[in-house]
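Asks: Input structure: final_1.cif, which contains mmCIF, C-alpha atoms.
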```
data_structure
#
loop_
_atom_site.label_atom_id
_atom_site.label_comp_id
_atom_site.auth_asym_id
_atom_site.auth_seq_id
_atom_site.Cartn_x
_atom_site.Cartn_y
_atom_site.Cartn_z
CA MET A 91 43.75 173.19 85.44
CA PRO A 92 45.92 173.75 88.49
CA ASN A 93 44.64 175.75 91.43
CA ILE A 94 47.93 176.11 93.28
CA LYS A 95 50.18 179.00 92.35
CA SER A 96 53.34 176.88 92.11
CA ALA A 97 51.57 174.37 89.84
CA LYS A 98 50.49 177.19 87.52
CA LYS A 99 54.07 178.46 87.43
CA ARG A 100 55.37 174.99 86.58
CA MET A 101 52.89 174.76 83.71
CA GLU A 102 54.07 178.11 82.33
CA LEU A 103 57.71 177.10 82.61
CA GLY A 104 56.92 173.76 81.03
CA ARG A 105 55.37 175.47 78.03
CA LYS A 106 58.37 177.76 77.71
CA TRP A 107 60.85 174.85 77.76
CA GLU A 108 58.68 172.80 75.43
CA ALA A 109 58.88 175.57 72.84
CA ARG A 110 62.63 175.96 73.35
CA ASN A 111 63.18 172.20 73.00
CA ARG A 112 61.06 172.11 69.85
CA VAL A 113 63.31 174.71 68.22
CA SER A 114 66.46 172.84 69.25
CA ARG A 115 65.14 169.50 67.99
CA SER A 116 64.15 171.06 64.69
CA LYS A 117 67.62 172.58 64.19
CA LEU A 118 69.19 169.25 65.02
CA ARG A 119 67.02 167.25 62.63
CA THR A 120 67.74 169.75 59.85
CA ALA A 121 71.49 169.54 60.47
CA ILE A 122 71.38 165.72 60.34
CA LYS A 123 69.39 165.76 57.09
CA ARG A 124 71.89 168.16 55.52
CA VAL A 125 74.79 165.84 56.35
CA ARG A 126 72.97 162.83 54.93
CA ASN A 127 72.04 164.69 51.74
CA ALA A 128 75.50 166.17 51.13
CA ASP A 129 77.10 165.11 47.85
CA ASP A 130 80.76 166.03 48.16
CA PRO A 131 82.98 165.03 51.12
CA GLU A 132 84.23 168.55 51.94
CA THR A 133 80.74 169.94 52.40
CA ALA A 134 79.68 166.85 54.30
CA GLN A 135 82.64 167.24 56.67
CA GLU A 136 81.76 170.86 57.43
CA LEU A 137 78.12 169.98 58.00
CA LEU A 138 79.16 167.04 60.17
CA THR A 139 81.11 169.36 62.46
CA ARG A 140 78.04 171.54 62.97
CA ALA A 141 75.74 168.55 63.48
CA THR A 142 78.16 166.96 65.96
CA SER A 143 78.20 170.14 68.01
CA LEU A 144 74.40 170.28 68.10
CA LEU A 145 74.18 166.58 68.96
CA ASP A 146 76.63 166.92 71.85
CA ARG A 147 74.65 169.84 73.22
CA ALA A 148 71.41 167.88 72.90
CA GLY A 149 72.95 164.97 74.78
CA ARG A 150 74.19 167.20 77.60
CA ARG A 151 70.80 168.85 77.94
CA ARG A 152 69.05 165.43 77.77
CA LEU A 153 67.07 166.53 74.73
CA TYR A 154 68.03 163.10 73.40
CA HIS A 155 69.44 160.18 75.33
CA PRO A 156 73.26 160.27 75.25
CA ASN A 157 73.41 156.77 73.76
CA LYS A 158 71.13 157.86 70.91
CA VAL A 159 73.37 160.85 70.32
CA ALA A 160 76.42 158.57 70.13
CA ARG A 161 74.63 156.26 67.70
CA ILE A 162 73.60 159.10 65.37
CA LYS A 163 77.12 160.58 65.44
CA SER A 164 78.56 157.20 64.55
CA GLN A 165 76.15 156.79 61.64
CA LEU A 166 76.95 160.26 60.32
CA HIS A 167 80.70 159.67 60.58
CA ARG A 168 80.32 156.40 58.69
CA HIS A 169 78.33 158.18 55.99
CA VAL A 170 80.94 160.92 55.56
CA ASN A 171 83.76 158.36 55.44
CA GLU A 172 81.92 156.49 52.69
CA LEU A 173 81.70 159.72 50.71
CA LYS A 174 85.44 160.24 51.13
CA GLY A 175 86.09 156.72 49.92
CA ASP A 176 87.83 155.50 53.07
#
```
Take the structure in the file and write it out as structure tokens.

Replies:
Amino acid sequence: MPNIKSAKKRMELGRKWEARNRVSRSKLRTAIKRVRNADDPETAQELLTRATSLLDRAGRRRLYHPNKVARIKSQLHRHVNELKGD
């Protein structure tokens, strides 16, 4: 347990950001699952747009490493293109 005031403040802020990051990661994982479970190409394309937006935001905020974000986006695009029959 910290004794210094600034260390206590950092712990509080850390908890706050941890909770915020948890929510963001959960939304992102749900969006990715929805794209992967989509059956028709039109729905998958709409869901892909939403997931891509969330992934880009996560990469900018360093919630995930930018290279991981790029890899996931690539996998999702490949999946949607397979549904379309390209």

Asks: Starting from the shown file, work through the PyMOL selection byres ((chain A and resi 170) around 12) and note down what comes out as a ChimeraX atom specification.

Replies: /A:122,124-139,163-169,171-176

Asks: List the spatial neighbours of segment 103-113 of chain A as a compact mmCIF listing (two decimals) with C-alpha atoms, keeping the file's coordinate frame - criterion: any atom at most 12 Å away, all atoms listed in the file, same-chain residues fewer than 6 positions off excluded.

Replies:
```
# COMPACT_ATOMS: atom_id res chain seq x y z
CA SER A 96 53.34 176.88 92.11
CA ALA A 97 51.57 174.37 89.84
CA ARG A 119 67.02 167.25 62.63
CA THR A 120 67.74 169.75 59.85
CA LEU A 144 74.40 170.28 68.10
CA ARG A 147 74.65 169.84 73.22
CA ALA A 148 71.41 167.88 72.90
CA ARG A 151 70.80 168.85 77.94
CA ARG A 152 69.05 165.43 77.77
CA LEU A 153 67.07 166.53 74.73
CA TYR A 154 68.03 163.10 73.40
```

Asks: Show which residues sit within 8 Å of Val159 of chain A, as a ChimeraX atom specification. Count all atoms listed in the file, and ignore same-chain residues fewer than 2 positions away.

Replies: /A:145-146,148-149,154-157,161-163

Asks: To one decimal place, how far is atom CA of Lys117 of chain A from atom CA of Ala160 of chain A in Å?

Replies: 17.6 Å

Asks: Just to confirm, what's the straight-line distance from atom CA of Met91 of chain A to atom CA of Ser116 of chain A in Å (one decimal)?

Replies: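 Rounded to one decimal, the two atoms are 29.2 Å apart.
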
Asks: Each side padded by 8 Å, which centre and which edge lengths in Å (one decimal) define the axis-aligned box around the listed atoms of segment 156-171 of chain A? Give them as JSON.

Replies:
```
{"center_x": 77.4, "center_y": 158.6, "center_z": 65.3, "size_x": 28.6, "size_y": 20.7, "size_z": 35.8}
```

Asks: Filtering to C-alpha atoms, could chain A of the supplied structure be written out as a PDB file, in the first residue's frame?

Replies:
```pdb
ATOM      1  CA  MET A  91       0.000   0.000   0.000  1.00  0.00           C
ATOM      2  CA  PRO A  92       1.505   3.333  -0.988  1.00  0.00           C
ATOM      3  CA  ASN A  93       2.249   5.958   1.619  1.00  0.00           C
ATOM      4  CA  ILE A  94       2.948   8.842  -0.731  1.00  0.00           C
ATOM      5  CA  LYS A  95       0.015  10.920  -1.911  1.00  0.00           C
ATOM      6  CA  SER A  96       1.039  10.849  -5.584  1.00  0.00           C
ATOM      7  CA  ALA A  97       1.431   7.057  -5.493  1.00  0.00           C
ATOM      8  CA  LYS A  98      -2.083   6.713  -4.051  1.00  0.00           C
ATOM      9  CA  LYS A  99      -3.415   8.952  -6.813  1.00  0.00           C
ATOM     10  CA  ARG A 100      -1.666   6.865  -9.473  1.00  0.00           C
ATOM     11  CA  MET A 101      -3.253   3.722  -8.043  1.00  0.00           C
ATOM     12  CA  GLU A 102      -6.708   5.304  -8.204  1.00  0.00           C
ATOM     13  CA  LEU A 103      -6.165   6.468 -11.769  1.00  0.00           C
ATOM     14  CA  GLY A 104      -4.806   3.054 -12.686  1.00  0.00           C
ATOM     15  CA  ARG A 105      -7.949   1.381 -11.405  1.00  0.00           C
ATOM     16  CA  LYS A 106     -10.108   3.838 -13.327  1.00  0.00           C
ATOM     17  CA  TRP A 107      -8.252   3.206 -16.609  1.00  0.00           C
ATOM     18  CA  GLU A 108      -8.191  -0.535 -15.999  1.00  0.00           C
ATOM     19  CA  ALA A 109     -11.990  -0.544 -15.797  1.00  0.00           C
ATOM     20  CA  ARG A 110     -12.291   1.655 -18.890  1.00  0.00           C
ATOM     21  CA  ASN A 111      -9.913  -0.587 -20.848  1.00  0.00           C
ATOM     22  CA  ARG A 112     -11.824  -3.679 -19.764  1.00  0.00           C
ATOM     23  CA  VAL A 113     -15.037  -2.256 -21.228  1.00  0.00           C
ATOM     24  CA  SER A 114     -13.302  -1.317 -24.482  1.00  0.00           C
ATOM     25  CA  ARG A 115     -11.670  -4.736 -24.843  1.00  0.00           C
ATOM     26  CA  SER A 116     -14.977  -6.458 -24.197  1.00  0.00           C
ATOM     27  CA  LYS A 117     -16.763  -4.385 -26.871  1.00  0.00           C
ATOM     28  CA  LEU A 118     -13.969  -5.137 -29.294  1.00  0.00           C
ATOM     29  CA  ARG A 119     -13.990  -8.887 -28.687  1.00  0.00           C
ATOM     30  CA  THR A 120     -17.772  -8.960 -29.094  1.00  0.00           C
ATOM     31  CA  ALA A 121     -17.567  -7.039 -32.379  1.00  0.00           C
ATOM     32  CA  ILE A 122     -14.935  -9.459 -33.717  1.00  0.00           C
ATOM     33  CA  LYS A 123     -17.022 -12.488 -32.730  1.00  0.00           C
ATOM     34  CA  ARG A 124     -20.072 -11.033 -34.472  1.00  0.00           C
ATOM     35  CA  VAL A 125     -18.138 -10.606 -37.717  1.00  0.00           C
ATOM     36  CA  ARG A 126     -16.795 -14.153 -37.549  1.00  0.00           C
ATOM     37  CA  ASN A 127     -20.248 -15.596 -36.815  1.00  0.00           C
ATOM     38  CA  ALA A 128     -22.073 -13.624 -39.522  1.00  0.00           C
ATOM     39  CA  ASP A 129     -23.758 -15.785 -42.159  1.00  0.00           C
ATOM     40  CA  ASP A 130     -24.565 -13.440 -45.021  1.00  0.00           C
ATOM     41  CA  PRO A 131     -22.028 -11.083 -46.647  1.00  0.00           C
ATOM     42  CA  GLU A 132     -24.088  -7.885 -46.263  1.00  0.00           C
ATOM     43  CA  THR A 133     -24.409  -8.247 -42.513  1.00  0.00           C
ATOM     44  CA  ALA A 134     -20.776  -9.273 -42.229  1.00  0.00           C
ATOM     45  CA  GLN A 135     -19.702  -6.158 -44.157  1.00  0.00           C
ATOM     46  CA  GLU A 136     -21.669  -3.860 -41.843  1.00  0.00           C
ATOM     47  CA  LEU A 137     -20.274  -5.574 -38.762  1.00  0.00           C
ATOM     48  CA  LEU A 138     -16.777  -5.422 -40.248  1.00  0.00           C
ATOM     49  CA  THR A 139     -17.030  -1.646 -40.569  1.00  0.00           C
ATOM     50  CA  ARG A 140     -17.922  -1.328 -36.893  1.00  0.00           C
ATOM     51  CA  ALA A 141     -15.205  -3.762 -35.805  1.00  0.00           C
ATOM     52  CA  THR A 142     -12.593  -1.990 -37.946  1.00  0.00           C
ATOM     53  CA  SER A 143     -13.433   1.310 -36.301  1.00  0.00           C
ATOM     54  CA  LEU A 144     -13.090  -0.188 -32.828  1.00  0.00           C
ATOM     55  CA  LEU A 145      -9.835  -1.915 -33.778  1.00  0.00           C
ATOM     56  CA  ASP A 146      -8.319   1.294 -35.140  1.00  0.00           C
ATOM     57  CA  ARG A 147      -9.246   3.109 -31.951  1.00  0.00           C
ATOM     58  CA  ALA A 148      -7.742   0.318 -29.843  1.00  0.00           C
ATOM     59  CA  GLY A 149      -4.517   0.521 -31.836  1.00  0.00           C
ATOM     60  CA  ARG A 150      -4.275   4.294 -31.429  1.00  0.00           C
ATOM     61  CA  ARG A 151      -4.866   4.037 -27.701  1.00  0.00           C
ATOM     62  CA  ARG A 152      -2.372   1.127 -27.431  1.00  0.00           C
ATOM     63  CA  LEU A 153      -5.070  -1.128 -25.999  1.00  0.00           C
ATOM     64  CA  TYR A 154      -3.656  -3.662 -28.455  1.00  0.00           C
ATOM     65  CA  HIS A 155      -0.369  -3.491 -30.319  1.00  0.00           C
ATOM     66  CA  PRO A 156      -0.883  -1.840 -33.729  1.00  0.00           C
ATOM     67  CA  ASN A 157       0.557  -4.878 -35.523  1.00  0.00           C
ATOM     68  CA  LYS A 158      -1.965  -7.132 -33.787  1.00  0.00           C
ATOM     69  CA  VAL A 159      -4.734  -4.775 -34.835  1.00  0.00           C
ATOM     70  CA  ALA A 160      -3.547  -4.949 -38.453  1.00  0.00           C
ATOM     71  CA  ARG A 161      -3.411  -8.747 -38.304  1.00  0.00           C
ATOM     72  CA  ILE A 162      -6.946  -9.063 -36.912  1.00  0.00           C
ATOM     73  CA  LYS A 163      -8.310  -6.606 -39.495  1.00  0.00           C
ATOM     74  CA  SER A 164      -6.670  -8.612 -42.255  1.00  0.00           C
ATOM     75  CA  GLN A 165      -8.157 -11.860 -40.968  1.00  0.00           C
ATOM     76  CA  LEU A 166     -11.623 -10.329 -40.729  1.00  0.00           C
ATOM     77  CA  HIS A 167     -11.407  -8.880 -44.243  1.00  0.00           C
ATOM     78  CA  ARG A 168     -10.357 -12.276 -45.579  1.00  0.00           C
ATOM     79  CA  HIS A 169     -13.300 -13.898 -43.806  1.00  0.00           C
ATOM     80  CA  VAL A 170     -15.812 -11.421 -45.244  1.00  0.00           C
ATOM     81  CA  ASN A 171     -14.357 -11.815 -48.744  1.00  0.00           C
ATOM     82  CA  GLU A 172     -14.749 -15.586 -48.463  1.00  0.00           C
ATOM     83  CA  LEU A 173     -18.405 -15.080 -47.561  1.00  0.00           C
ATOM     84  CA  LYS A 174     -18.862 -12.870 -50.614  1.00  0.00           C
ATOM     85  CA  GLY A 175     -17.258 -15.516 -52.795  1.00  0.00           C
ATOM     86  CA  ASP A 176     -14.379 -13.360 -54.031  1.00  0.00           C
TER      87      ASP A 176
END
```
